[in-house]
>>> print(open('final19.pdb').read())   # PDB, C-alpha atoms
ATOM      1  CA  MET A 431     240.556 136.454 -29.497
ATOM      2  CA  PRO A 432     238.224 138.932 -27.785
ATOM      3  CA  ALA A 433     234.426 138.838 -28.002
ATOM      4  CA  LEU A 434     232.081 141.756 -27.532
ATOM      5  CA  THR A 435     228.367 142.453 -27.024
ATOM      6  CA  HIS A 436     226.263 145.535 -26.315
ATOM      7  CA  ASN A 437     224.746 145.688 -22.802
ATOM      8  CA  PRO A 438     221.649 147.908 -23.158
ATOM      9  CA  ASP A 439     220.762 147.658 -19.476
ATOM     10  CA  ALA A 440     224.098 149.236 -18.511
ATOM     11  CA  GLY A 441     224.465 151.432 -21.617
ATOM     12  CA  GLY A 442     227.893 150.038 -22.515
ATOM     13  CA  PHE A 443     229.521 146.838 -23.730
ATOM     14  CA  LEU A 444     230.628 143.487 -22.313
ATOM     15  CA  LEU A 445     234.051 142.168 -23.346
ATOM     16  CA  ALA A 446     235.043 138.494 -23.032
ATOM     17  CA  PHE A 447     238.593 137.223 -23.452
ATOM     18  CA  SER A 448     240.852 134.299 -22.567
ATOM     19  CA  ALA A 449     243.935 135.001 -20.440
ATOM     20  CA  ASP A 450     246.347 133.294 -18.040
ATOM     21  CA  ASP A 451     244.984 133.075 -14.513
ATOM     22  CA  GLY A 452     248.184 134.580 -13.081
ATOM     23  CA  ALA A 453     248.804 131.577 -10.841
ATOM     24  CA  GLY A 454     250.374 129.141 -13.296
ATOM     25  CA  GLY A 455     247.087 127.521 -14.325
ATOM     26  CA  PRO A 456     245.639 127.155 -17.823
ATOM     27  CA  PRO A 457     244.062 130.110 -19.674
ATOM     28  CA  GLN A 458     240.559 130.966 -18.466
ATOM     29  CA  VAL A 459     237.681 133.083 -19.792
ATOM     30  CA  TYR A 460     237.001 136.486 -18.211
ATOM     31  CA  LEU A 461     234.362 139.214 -18.594
ATOM     32  CA  GLN A 462     234.966 142.963 -18.423
ATOM     33  CA  GLN A 463     232.552 145.912 -18.634
ATOM     34  CA  ILE A 464     233.290 148.795 -21.036
ATOM     35  CA  GLY A 465     231.217 151.877 -20.251
ATOM     36  CA  ALA A 466     229.469 154.067 -22.810
ATOM     37  CA  GLN A 467     232.324 156.588 -22.545
ATOM     38  CA  GLY A 468     235.073 153.956 -22.753
ATOM     39  CA  THR A 469     235.623 153.391 -19.016
ATOM     40  CA  ILE A 470     237.023 149.946 -18.169
ATOM     41  CA  GLY A 471     235.732 147.774 -15.316
ATOM     42  CA  SER A 472     237.457 144.996 -13.405
ATOM     43  CA  ARG A 473     237.753 141.592 -15.019
ATOM     44  CA  VAL A 474     235.585 138.752 -13.702
ATOM     45  CA  LEU A 475     236.351 135.016 -14.026
ATOM     46  CA  VAL A 476     233.377 133.263 -15.669
ATOM     47  CA  ALA A 477     233.702 129.557 -14.797
ATOM     48  CA  PRO A 478     236.905 128.375 -13.029
ATOM     49  CA  SER A 479     238.320 125.169 -14.515
ATOM     50  CA  THR A 480     241.491 123.098 -14.546
ATOM     51  CA  ILE A 481     241.105 122.737 -18.344
ATOM     52  CA  THR A 482     242.197 125.301 -20.933
ATOM     53  CA  GLN A 483     239.431 127.736 -21.953
ATOM     54  CA  THR A 484     239.831 129.682 -25.205
ATOM     55  CA  HIS A 485     237.839 131.340 -28.033
ATOM     56  CA  PRO A 486     235.075 133.013 -25.985
ATOM     57  CA  ALA A 487     231.822 134.321 -27.443
ATOM     58  CA  LEU A 488     228.891 136.113 -25.841
ATOM     59  CA  ALA A 489     225.555 137.821 -26.495
ATOM     60  CA  TYR A 490     223.227 139.910 -24.321
ATOM     61  CA  GLY A 491     219.552 138.949 -24.181
ATOM     62  CA  GLY A 492     218.129 142.403 -24.893
ATOM     63  CA  VAL A 493     216.724 145.349 -22.959
ATOM     64  CA  GLY A 494     215.514 144.339 -19.495
ATOM     65  CA  SER A 495     216.526 140.687 -19.876
ATOM     66  CA  ASN A 496     219.379 140.841 -17.331
ATOM     67  CA  ARG A 497     220.834 137.846 -19.188
ATOM     68  CA  ALA A 498     223.901 137.159 -21.283
ATOM     69  CA  LEU A 499     225.236 133.846 -22.576
ATOM     70  CA  VAL A 500     229.001 133.248 -22.556
ATOM     71  CA  LEU A 501     230.508 130.439 -24.650
ATOM     72  CA  TRP A 502     234.032 129.084 -24.891
ATOM     73  CA  ARG A 503     236.063 126.190 -26.202
ATOM     74  CA  GLU A 504     237.207 123.902 -23.407
ATOM     75  CA  GLY A 505     239.975 121.402 -24.086
ATOM     76  CA  GLN A 506     242.192 120.880 -27.112
ATOM     77  CA  GLY A 507     242.069 118.873 -30.351
ATOM     78  CA  ALA A 508     239.608 115.993 -30.597
ATOM     79  CA  ASN A 509     238.602 116.479 -26.955
ATOM     80  CA  SER A 510     237.459 120.088 -27.334
ATOM     81  CA  ARG A 511     233.813 120.922 -26.644
ATOM     82  CA  VAL A 512     231.753 124.112 -26.545
ATOM     83  CA  HIS A 513     230.736 125.049 -22.987
ATOM     84  CA  ALA A 514     228.312 127.775 -21.920
ATOM     85  CA  GLN A 515     227.439 129.878 -18.863
ATOM     86  CA  LEU A 516     224.508 132.243 -18.308
ATOM     87  CA  VAL A 517     225.408 135.487 -16.498
ATOM     88  CA  ASP A 518     223.365 138.495 -15.423
ATOM     89  CA  GLY A 519     223.942 142.130 -16.370
ATOM     90  CA  GLN A 520     226.454 142.505 -13.548
ATOM     91  CA  GLU A 521     228.555 139.575 -14.862
ATOM     92  CA  GLN A 522     227.443 137.203 -12.087
ATOM     93  CA  PRO A 523     226.777 133.535 -13.028
ATOM     94  CA  VAL A 524     223.197 132.272 -13.305
ATOM     95  CA  GLY A 525     223.151 128.501 -12.726
ATOM     96  CA  MET A 526     226.015 126.183 -13.599
ATOM     97  CA  PRO A 527     228.151 125.883 -16.764
ATOM     98  CA  PHE A 528     226.741 123.411 -19.289
ATOM     99  CA  LEU A 529     227.798 121.521 -22.412
ATOM    100  CA  LEU A 530     226.162 122.729 -25.620
ATOM    101  CA  ALA A 531     226.127 119.488 -27.651
ATOM    102  CA  GLN A 532     227.361 115.912 -27.524
ATOM    103  CA  GLN A 533     228.453 113.883 -30.570
ATOM    104  CA  ASP A 534     225.584 115.223 -32.711
ATOM    105  CA  GLY A 535     227.460 118.529 -32.656
ATOM    106  CA  GLY A 536     230.598 117.060 -34.207
ATOM    107  CA  ASP A 537     233.569 114.944 -33.110
ATOM    108  CA  PHE A 538     235.238 118.130 -31.945
ATOM    109  CA  GLN A 539     233.661 121.547 -31.411
ATOM    110  CA  ARG A 540     235.285 124.962 -31.562
ATOM    111  CA  ASP A 541     234.922 128.628 -32.550
ATOM    112  CA  ALA A 542     231.369 129.099 -31.257
ATOM    113  CA  ALA A 543     229.357 132.304 -31.733
ATOM    114  CA  VAL A 544     225.990 133.405 -30.340
ATOM    115  CA  ALA A 545     223.151 135.882 -30.991
ATOM    116  CA  ALA A 546     220.039 136.667 -28.956
ATOM    117  CA  ASP A 547     216.387 136.350 -30.006
ATOM    118  CA  PRO A 548     214.701 138.556 -27.350
ATOM    119  CA  GLY A 549     211.165 137.987 -28.640
ATOM    120  CA  ALA A 550     211.366 134.237 -28.004
ATOM    121  CA  GLN A 551     213.849 134.594 -25.108
ATOM    122  CA  ARG A 552     216.431 132.305 -26.655
ATOM    123  CA  PHE A 553     219.969 132.369 -27.992
ATOM    124  CA  LEU A 554     221.108 131.051 -31.387
ATOM    125  CA  ILE A 555     224.553 129.421 -31.316
ATOM    126  CA  VAL A 556     226.780 128.366 -34.212
ATOM    127  CA  TRP A 557     230.088 126.508 -34.096
ATOM    128  CA  GLU A 558     232.517 124.496 -36.185
ATOM    129  CA  GLY A 559     232.460 120.731 -35.702
ATOM    130  CA  LYS A 560     233.913 117.780 -37.546
ATOM    131  CA  LYS A 561     231.567 114.959 -38.525
ATOM    132  CA  GLN A 562     232.351 112.036 -40.833
ATOM    133  CA  SER A 563     235.790 113.581 -41.469
ATOM    134  CA  LYS A 564     234.334 116.870 -42.797
ATOM    135  CA  GLU A 565     234.183 120.291 -41.161
ATOM    136  CA  ARG A 566     230.655 121.602 -40.709
ATOM    137  CA  ILE A 567     228.963 124.684 -39.314
ATOM    138  CA  PHE A 568     226.243 123.719 -36.815
ATOM    139  CA  LEU A 569     223.322 125.726 -35.386
ATOM    140  CA  GLN A 570     221.514 125.161 -32.059
ATOM    141  CA  THR A 571     219.288 127.205 -29.717
ATOM    142  CA  VAL A 572     219.269 127.695 -25.922
ATOM    143  CA  ASP A 573     216.566 129.524 -23.954
ATOM    144  CA  TYR A 574     217.178 132.231 -21.341
ATOM    145  CA  ASN A 575     217.017 129.604 -18.582
ATOM    146  CA  GLY A 576     219.851 127.579 -20.097
ATOM    147  CA  HIS A 577     217.740 124.783 -21.637
ATOM    148  CA  VAL A 578     219.212 123.433 -24.885
ATOM    149  CA  ASP A 579     216.660 122.745 -27.662
ATOM    150  CA  ALA A 580     215.616 119.088 -27.636
ATOM    151  CA  SER A 581     216.091 118.606 -31.392
ATOM    152  CA  ALA A 582     219.538 117.927 -32.819
ATOM    153  CA  PRO A 583     221.761 120.744 -34.117
ATOM    154  CA  VAL A 584     221.280 121.538 -37.822
ATOM    155  CA  GLU A 585     223.975 122.079 -40.437
ATOM    156  CA  VAL A 586     224.404 125.547 -41.934
ATOM    157  CA  SER A 587     227.299 124.581 -44.197
ATOM    158  CA  ALA A 588     229.419 121.507 -44.833
ATOM    159  CA  ALA A 589     232.850 121.202 -46.397
ATOM    160  CA  GLY A 590     233.356 119.334 -49.664
ATOM    161  CA  PRO A 591     236.372 117.945 -51.544
ATOM    162  CA  GLY A 592     239.212 120.433 -51.179
ATOM    163  CA  ILE A 593     237.023 122.821 -49.175
ATOM    164  CA  GLN A 594     237.228 123.717 -45.482
ATOM    165  CA  VAL A 595     234.820 125.818 -43.419
ATOM    166  CA  GLY A 596     235.258 127.385 -39.986
ATOM    167  CA  HIS A 597     235.285 130.451 -37.712
ATOM    168  CA  PRO A 598     231.525 131.177 -37.858
ATOM    169  CA  ASP A 599     229.646 134.135 -36.387
ATOM    170  CA  ILE A 600     225.932 134.994 -36.182
ATOM    171  CA  ALA A 601     223.767 138.092 -35.693
ATOM    172  CA  GLY A 602     220.215 139.190 -36.422
ATOM    173  CA  ARG A 603     216.866 140.281 -35.076
ATOM    174  CA  GLU A 604     213.120 139.801 -35.498
ATOM    175  CA  GLY A 605     212.987 136.530 -37.349
ATOM    176  CA  LEU A 606     216.028 136.725 -39.648
ATOM    177  CA  TYR A 607     219.653 136.034 -38.739
ATOM    178  CA  VAL A 608     222.891 135.936 -40.723
ATOM    179  CA  VAL A 609     225.610 133.328 -40.258
ATOM    180  CA  VAL A 610     229.053 134.203 -41.659
ATOM    181  CA  TRP A 611     232.115 131.985 -41.817
ATOM    182  CA  GLU A 612     235.515 131.521 -43.412
ATOM    183  CA  ARG A 613     235.691 129.201 -46.406
ATOM    184  CA  SER A 614     238.969 127.858 -47.753
ATOM    185  CA  ALA A 615     239.301 126.267 -51.188
ATOM    186  CA  GLN A 616     242.534 125.600 -53.093
ATOM    187  CA  GLY A 617     244.468 128.019 -50.901
ATOM    188  CA  ASP A 618     241.976 130.901 -51.203
ATOM    189  CA  HIS A 619     240.209 132.201 -48.093
ATOM    190  CA  ASP A 620     236.866 133.985 -48.484
ATOM    191  CA  ILE A 621     233.957 135.041 -46.271
ATOM    192  CA  TYR A 622     230.561 133.423 -46.898
ATOM    193  CA  LEU A 623     227.127 134.105 -45.439
ATOM    194  CA  ARG A 624     223.773 132.359 -45.122
ATOM    195  CA  ARG A 625     220.421 133.560 -43.816
ATOM    196  CA  VAL A 626     218.662 131.489 -41.133
ATOM    197  CA  ARG A 627     215.455 131.640 -39.091
ATOM    198  CA  PRO A 628     215.535 131.381 -35.278
ATOM    199  CA  THR A 629     213.572 128.142 -35.733
ATOM    200  CA  LYS A 630     216.765 126.682 -37.274
ATOM    201  CA  GLU A 631     215.406 126.891 -40.841
ATOM    202  CA  MET A 632     217.785 127.843 -43.675
ATOM    203  CA  VAL A 633     216.747 130.739 -45.965
ATOM    204  CA  GLY A 634     218.364 130.523 -49.391
ATOM    205  CA  PRO A 635     221.811 129.226 -50.410
ATOM    206  CA  GLU A 636     225.301 130.175 -49.258
ATOM    207  CA  GLU A 637     226.754 133.393 -50.726
ATOM    208  CA  THR A 638     230.194 134.963 -50.904
ATOM    209  CA  MET A 639     230.622 138.218 -48.978
ATOM    210  CA  LEU A 640     233.212 139.954 -51.180
ATOM    211  CA  VAL A 641     235.002 138.915 -54.359
ATOM    212  CA  ASP A 642     238.587 140.018 -53.742
ATOM    213  CA  PRO A 643     242.013 138.467 -54.520
ATOM    214  CA  THR A 644     243.229 139.247 -50.992
ATOM    215  CA  ASP A 645     242.565 136.455 -48.510
ATOM    216  CA  GLN A 646     239.841 137.115 -45.927
ATOM    217  CA  TYR A 647     239.849 135.564 -42.455
ATOM    218  CA  LEU A 648     237.897 135.386 -39.205
ATOM    219  CA  PRO A 649     234.616 137.235 -39.870
ATOM    220  CA  ALA A 650     232.426 138.893 -37.248
ATOM    221  CA  VAL A 651     228.870 140.226 -37.692
ATOM    222  CA  THR A 652     226.529 142.429 -35.634
ATOM    223  CA  VAL A 653     223.414 144.594 -36.044
ATOM    224  CA  ALA A 654     222.713 148.219 -35.091
ATOM    225  CA  GLY A 655     219.924 150.594 -35.984
ATOM    226  CA  PRO A 656     216.553 149.636 -37.470
ATOM    227  CA  ASP A 657     217.871 148.223 -40.722
ATOM    228  CA  GLU A 658     221.638 147.831 -40.765
ATOM    229  CA  ALA A 659     224.233 145.183 -39.965
ATOM    230  CA  LEU A 660     228.035 145.129 -40.196
ATOM    231  CA  VAL A 661     230.355 142.278 -41.163
ATOM    232  CA  ALA A 662     234.060 142.802 -40.372
ATOM    233  CA  TRP A 663     237.028 140.541 -40.990
ATOM    234  CA  GLN A 664     240.813 140.339 -41.018
ATOM    235  CA  GLU A 665     242.262 141.015 -44.476
ATOM    236  CA  GLY A 666     245.457 139.075 -45.144
ATOM    237  CA  LYS A 667     247.522 137.041 -42.683
ATOM    238  CA  ASN A 668     248.676 140.142 -40.784
ATOM    239  CA  GLY A 669     246.508 142.742 -42.403
ATOM    240  CA  ASP A 670     243.854 145.349 -41.822
ATOM    241  CA  VAL A 671     240.376 145.223 -40.304
ATOM    242  CA  VAL A 672     237.805 145.776 -43.071
ATOM    243  CA  GLY A 673     234.091 145.148 -43.501
ATOM    244  CA  ARG A 674     230.842 145.629 -45.393
ATOM    245  CA  ARG A 675     227.381 146.733 -44.337
ATOM    246  CA  LEU A 676     224.204 144.691 -44.824
ATOM    247  CA  ARG A 677     220.538 145.649 -44.925
ATOM    248  CA  ARG A 678     219.263 143.894 -41.811
ATOM    249  CA  SER A 679     215.725 143.184 -43.023
ATOM    250  CA  ASP A 680     216.874 140.795 -45.759
ATOM    251  CA  ALA A 681     220.678 140.604 -45.199
ATOM    252  CA  GLN A 682     221.471 141.996 -48.637
ATOM    253  CA  ILE A 683     224.828 143.732 -49.113
ATOM    254  CA  VAL A 684     224.054 147.411 -49.685
ATOM    255  CA  ARG A 685     227.355 149.286 -49.413
ATOM    256  CA  GLY A 686     230.952 148.854 -50.482
ATOM    257  CA  ARG A 687     234.063 148.018 -48.559
ATOM    258  CA  LEU A 688     234.623 149.818 -45.229
ATOM    259  CA  ASP A 689     238.150 150.304 -43.838
ATOM    260  CA  VAL A 690     237.724 150.000 -40.067
ATOM    261  CA  SER A 691     241.437 150.212 -39.264
ATOM    262  CA  ARG A 692     244.641 150.236 -41.305
ATOM    263  CA  ALA A 693     248.146 149.831 -39.886
ATOM    264  CA  GLU A 694     251.577 148.607 -40.931
ATOM    265  CA  THR A 695     251.543 146.004 -38.156
ATOM    266  CA  ALA A 696     249.319 143.012 -37.443
ATOM    267  CA  GLN A 697     245.617 143.526 -36.698
ATOM    268  CA  LEU A 698     244.081 140.152 -35.974
ATOM    269  CA  ARG A 699     240.779 138.457 -35.108
ATOM    270  CA  PRO A 700     238.270 141.326 -35.022
ATOM    271  CA  ALA A 701     235.082 141.279 -32.970
ATOM    272  CA  VAL A 702     232.160 143.682 -33.395
ATOM    273  CA  ALA A 703     229.108 144.756 -31.390
ATOM    274  CA  GLY A 704     226.286 147.108 -32.351
ATOM    275  CA  ASP A 705     224.662 149.839 -30.259
ATOM    276  CA  PRO A 706     221.125 150.171 -31.714
ATOM    277  CA  VAL A 707     220.276 153.185 -29.536
ATOM    278  CA  ARG A 708     223.156 155.344 -30.820
ATOM    279  CA  ARG A 709     223.287 153.536 -34.182
ATOM    280  CA  ARG A 710     227.002 152.791 -34.025
ATOM    281  CA  TYR A 711     229.404 149.852 -33.788
ATOM    282  CA  LEU A 712     232.431 149.050 -31.694
ATOM    283  CA  SER A 713     235.079 146.859 -33.309
ATOM    284  CA  VAL A 714     237.982 145.424 -31.280
ATOM    285  CA  TRP A 715     240.922 143.298 -32.384
ATOM    286  CA  THR A 716     244.306 141.948 -31.304
ATOM    287  CA  ASP A 717     246.887 144.549 -32.309
ATOM    288  CA  GLY A 718     250.670 144.367 -32.676
ATOM    289  CA  ARG A 719     251.607 148.017 -33.262
ATOM    290  CA  ASN A 720     253.488 148.245 -29.918
ATOM    291  CA  VAL A 721     254.397 144.589 -29.582
ATOM    292  CA  GLU A 722     258.120 145.258 -28.941
ATOM    293  CA  ILE A 723     257.303 147.620 -26.051
ATOM    294  CA  SER A 724     254.225 146.183 -24.372
ATOM    295  CA  GLY A 725     253.342 143.035 -26.293
ATOM    296  CA  LEU A 726     250.062 142.390 -28.068
ATOM    297  CA  ALA A 727     247.123 144.542 -26.996
ATOM    298  CA  ILE A 728     243.415 144.859 -27.716
ATOM    299  CA  TYR A 729     242.596 148.004 -29.709
ATOM    300  CA  GLY A 730     239.173 149.287 -30.714
ATOM    301  CA  GLN A 731     237.411 151.696 -33.070
ATOM    302  CA  LEU A 732     233.908 153.167 -32.921
ATOM    303  CA  VAL A 733     232.150 153.135 -36.301
ATOM    304  CA  ARG A 734     229.044 155.195 -37.019
ATOM    305  CA  GLY A 735     225.986 153.643 -38.615
ATOM    306  CA  SER A 736     226.562 155.897 -41.622
ATOM    307  CA  ARG A 737     229.388 155.717 -44.168
ATOM    308  CA  SER A 738     231.818 157.722 -42.088
ATOM    309  CA  LYS A 739     234.006 156.348 -39.310
ATOM    310  CA  SER A 740     233.859 157.983 -35.898
ATOM    311  CA  PRO A 741     237.103 159.729 -34.909
ATOM    312  CA  ARG A 742     236.604 158.555 -31.344
ATOM    313  CA  SER A 743     238.376 155.339 -30.407
ATOM    314  CA  THR A 744     238.891 153.278 -27.283
ATOM    315  CA  ARG A 745     241.763 151.078 -26.189
ATOM    316  CA  PRO A 746     240.896 148.515 -23.511
ATOM    317  CA  PRO A 747     243.728 147.239 -21.298
ATOM    318  CA  CYS A 748     246.291 144.879 -22.776
ATOM    319  CA  HIS A 749     245.485 141.179 -22.202
ATOM    320  CA  ARG A 750     248.381 138.847 -22.922
TER     321      ARG A 750
END
>>> encode(input="final19.pdb", output="C-alpha cells")
Amino acid sequence: MPALTHNPDAGGFLLAFSADDGAGGPPQVYLQQIGAQGTIGSRVLVAPSTITQTHPALAYGGVGSNRALVLWREGQGANSRVHAQLVDGQEQPVGMPFLLAQQDGGDFQRDAAVAADPGAQRFLIVWEGKKQSKERIFLQTVDYNGHVDASAPVEVSAAGPGIQVGHPDIAGREGLYVVVWERSAQGDHDIYLRRVRPTKEMVGPEETMLVDPTDQYLPAVTVAGPDEALVAWQEGKNGDVVGRRLRRSDAQIVRGRLDVSRAETAQLRPAVAGDPVRRRYLSVWTDGRNVEISGLAIYGQLVRGSRSKSPRSTRPPCHR
C-alpha cells in the first residue's frame, strides 16, 4: 500500500512504500521523490530493521519546515506497533525511530495515518487499535522534534456489537481536520468521517461519506486549494478508484461522486496528496492491469481541483 504527500519545498511529492529489501530480509519501508513533472528519484531506506515493516504513512510539515514524519506498522498480529521516523526534505533521517504509543494505544496497532499542523509545528496521527476486545480509531499528536504528546491518545470511533472499524486516514488545515475510516456492519462496508481539532477535541458526531449499495474500502483524504479537500476510496473488492470532494473550512460534502480511475482489472488501496499551489491532487494505487506481464504496479492520476480530471497521468516504477 503506497502513501503519498506533497513536498512544497521541492515542488513535487514524496512516495512511501513497503518492499522486499532484495537480500532475503523482511519487507522494509522506503521513500522516493516524485518531481513536479513526474520524474522519479532513487528509493531510500527509512529505518533498517530485522522485523517486517508494512503499511507506511507520511506527511510533510509545510513550506520551509524541512520536516516529514514517516509511520509504519512493525511486526505482525498482536505484536504489531506503530513506529515513526522524522526525515528532512531530502529524505534523510532526523533523530532515531520511535514508538508512537504503548498499551494506551491499543493491544495491537496498525494502519496509521498522519497530517501536519504547520501553525503549531505538530503532526496529528490516527491508527486502528484493539482495546477491551473492540477495534477503535485513536488520535495522538507529535511535534516537529519527535516529542509525543504527554496526554493519552483519544478515541475518534469505537466499534460496537456487529460493527468493525479500521483503515483510518486524516487531513486538514488551520484548526479543523477530517478523519475518515472504513466501517463494517453486517457485511456492508462504508466510509465514515468525523471532524477533529488539532487539540484532540472531537467536533460533532460520526457521519457516512456516501450512501451506496456497493461496498467501499480503504479511504484516503487530502486537502488542496484554499477551501477544498478530496476523499478517495476503493469501490468493491477489486474495483475502481472513486471519491468525493469536501469543503475544507467545515468538511461538508459539496460535490457528487468523482471517478478517479476505472478499469476492468483490480485497482486497490488508493493514496492521495494535494498540491495547494497548483490546486490539484495526485492519486496513486496498486494496479493489476498488466499483472500477467509485469506483476502488480503502482499507477497514478492527477486530478484538478475543479470537477474535471486532468488528462495527464504518471506511473511510478513497479514495486513488488
>>> axis_aligned_box(input="final19.pdb", around="region 608-611 of chain A", padding_each_side="8 Å", output="lines of an AutoDock Vina configuration file")
center_x = 227.5
center_y = 134.0
center_z = -41.0
size_x = 25.2
size_y = 20.0
size_z = 17.6
>>> resolve_selection(input="final19.pdb", expression="the PyMOL selection byres ((chain A and resi 608-618) around 8)", output="PyMOL selection string")
chain A and resi 556+592-602+606-607+619-626+645-651+681
>>> write_last_selection(input="final19.pdb", atoms="C-alpha atoms", output="PDB file, in the frame of the given file")
ATOM      1  CA  VAL A 556     226.780 128.366 -34.212  1.00  0.00           C
ATOM      2  CA  GLY A 592     239.212 120.433 -51.179  1.00  0.00           C
ATOM      3  CA  ILE A 593     237.023 122.821 -49.175  1.00  0.00           C
ATOM      4  CA  GLN A 594     237.228 123.717 -45.482  1.00  0.00           C
ATOM      5  CA  VAL A 595     234.820 125.818 -43.419  1.00  0.00           C
ATOM      6  CA  GLY A 596     235.258 127.385 -39.986  1.00  0.00           C
ATOM      7  CA  HIS A 597     235.285 130.451 -37.712  1.00  0.00           C
ATOM      8  CA  PRO A 598     231.525 131.177 -37.858  1.00  0.00           C
ATOM      9  CA  ASP A 599     229.646 134.135 -36.387  1.00  0.00           C
ATOM     10  CA  ILE A 600     225.932 134.994 -36.182  1.00  0.00           C
ATOM     11  CA  ALA A 601     223.767 138.092 -35.693  1.00  0.00           C
ATOM     12  CA  GLY A 602     220.215 139.190 -36.422  1.00  0.00           C
ATOM     13  CA  LEU A 606     216.028 136.725 -39.648  1.00  0.00           C
ATOM     14  CA  TYR A 607     219.653 136.034 -38.739  1.00  0.00           C
ATOM     15  CA  HIS A 619     240.209 132.201 -48.093  1.00  0.00           C
ATOM     16  CA  ASP A 620     236.866 133.985 -48.484  1.00  0.00           C
ATOM     17  CA  ILE A 621     233.957 135.041 -46.271  1.00  0.00           C
ATOM     18  CA  TYR A 622     230.561 133.423 -46.898  1.00  0.00           C
ATOM     19  CA  LEU A 623     227.127 134.105 -45.439  1.00  0.00           C
ATOM     20  CA  ARG A 624     223.773 132.359 -45.122  1.00  0.00           C
ATOM     21  CA  ARG A 625     220.421 133.560 -43.816  1.00  0.00           C
ATOM     22  CA  VAL A 626     218.662 131.489 -41.133  1.00  0.00           C
ATOM     23  CA  ASP A 645     242.565 136.455 -48.510  1.00  0.00           C
ATOM     24  CA  GLN A 646     239.841 137.115 -45.927  1.00  0.00           C
ATOM     25  CA  TYR A 647     239.849 135.564 -42.455  1.00  0.00           C
ATOM     26  CA  LEU A 648     237.897 135.386 -39.205  1.00  0.00           C
ATOM     27  CA  PRO A 649     234.616 137.235 -39.870  1.00  0.00           C
ATOM     28  CA  ALA A 650     232.426 138.893 -37.248  1.00  0.00           C
ATOM     29  CA  VAL A 651     228.870 140.226 -37.692  1.00  0.00           C
ATOM     30  CA  ALA A 681     220.678 140.604 -45.199  1.00  0.00           C
TER      31      ALA A 681
END
>>> resolve_selection(input="final19.pdb", expression="the PyMOL selection byres ((chain A and resi 496) around 10)", output="JSON list (two decimals) with C-alpha atoms, keeping the file's coordinate frame")
[["chain", "number", "residue", "atom", "x", "y", "z"],
["A", 437, "ASN", "CA", 224.75, 145.69, -22.80],
["A", 438, "PRO", "CA", 221.65, 147.91, -23.16],
["A", 439, "ASP", "CA", 220.76, 147.66, -19.48],
["A", 440, "ALA", "CA", 224.10, 149.24, -18.51],
["A", 490, "TYR", "CA", 223.23, 139.91, -24.32],
["A", 491, "GLY", "CA", 219.55, 138.95, -24.18],
["A", 492, "GLY", "CA", 218.13, 142.40, -24.89],
["A", 493, "VAL", "CA", 216.72, 145.35, -22.96],
["A", 494, "GLY", "CA", 215.51, 144.34, -19.50],
["A", 495, "SER", "CA", 216.53, 140.69, -19.88],
["A", 497, "ARG", "CA", 220.83, 137.85, -19.19],
["A", 498, "ALA", "CA", 223.90, 137.16, -21.28],
["A", 517, "VAL", "CA", 225.41, 135.49, -16.50],
["A", 518, "ASP", "CA", 223.36, 138.50, -15.42],
["A", 519, "GLY", "CA", 223.94, 142.13, -16.37],
["A", 520, "GLN", "CA", 226.45, 142.50, -13.55],
["A", 521, "GLU", "CA", 228.56, 139.57, -14.86],
["A", 574, "TYR", "CA", 217.18, 132.23, -21.34]]
>>> resolve_selection(input="final19.pdb", expression="the PyMOL selection byres ((chain A and resi 479) around 10)", output="ChimeraX atom specification")
/A:455-459,476-478,480-483,504
>>> residues_near_point(input="final19.pdb", point="(232.9, 151.0, -19.9)", cutoff="10 Å", atoms="all atoms listed in the file", output="list in words")
Ala440, Gly441, Gly442, Phe443, Leu444, Leu445, Gln462, Gln463, Ile464, Gly465, Ala466, Gln467, Gly468, Thr469, Ile470, Gly471, Ser472, Thr744 and Pro746 of chain A
>>> closest_residue(input="final19.pdb", among="A:Val544, A:Gly704, A:Asp579, A:Val586", to="Gly634 (chain A)", atoms="all atoms listed in the file")
A:Val586
>>> closest_residue(input="final19.pdb", among="A:Ala545, A:Ala693, A:Leu640, A:Leu499", to="His577 (chain A)", atoms="all atoms listed in the file")
A:Leu499
>>> residues_around(input="final19.pdb", residues="Gly673 (chain A)", least_positions_apart="4", cutoff="8 Å", atoms="all atoms listed in the file", output="list of chain:residue names")
A:Leu660, A:Val661, A:Ala662, A:Trp663, A:Arg687, A:Leu688, A:Asp689, A:Val690
>>> atom_distance(input="final19.pdb", atom1="CA of Val578 (chain A)", atom2="CA of Asn509 (chain A)")
20.7 Å
>>> residues_around(input="final19.pdb", residues="Ser581 (chain A)", least_positions_apart="4", cutoff="12 Å", atoms="all atoms listed in the file", output="number ranges by chain")
A: 531, 534-535, 569-572, 577, 629-630
>>> atom_distance(input="final19.pdb", atom1="CA of Ser510 (chain A)", atom2="CA of Val714 (chain A)")
25.6 Å
>>> atom_distance(input="final19.pdb", atom1="CA of Asp705 (chain A)", atom2="CA of Arg603 (chain A)")
13.2 Å
>>> residues_around(input="final19.pdb", residues="Leu461 (chain A)", least_positions_apart="5", cutoff="6 Å", atoms="only C-alpha atoms", output="PyMOL selection string")
chain A and resi 445-446+473-474
>>> residues_around(input="final19.pdb", residues="Ala508 (chain A)", least_positions_apart="2", cutoff="9 Å", atoms="all atoms listed in the file", output="ChimeraX atom specification")
/A:505-506,510-511,537-539
>>> closest_residue(input="final19.pdb", among="A:Thr435, A:Ser448, A:Asn720, A:Ser587", to="Glu694 (chain A)", atoms="only C-alpha atoms")
A:Asn720
>>> closest_residue(input="final19.pdb", among="A:Glu565, A:Lys667, A:Ala542, A:Gly605", to="Val633 (chain A)", atoms="only C-alpha atoms")
A:Gly605
>>> residues_around(input="final19.pdb", residues="Pro486 (chain A)", least_positions_apart="5", cutoff="9 Å", atoms="only C-alpha atoms", output="list in words")
Met431, Pro432, Ala433, Ala446, Phe447, Ser448, Val459, Tyr460, Val500, Leu501, Trp502, Arg503, Asp541, Ala542 and Ala543 of chain A
>>> closest_residue(input="final19.pdb", among="A:Gly559, A:Arg552, A:Met632, A:Gln731", to="Asn575 (chain A)", atoms="only C-alpha atoms")
A:Arg552
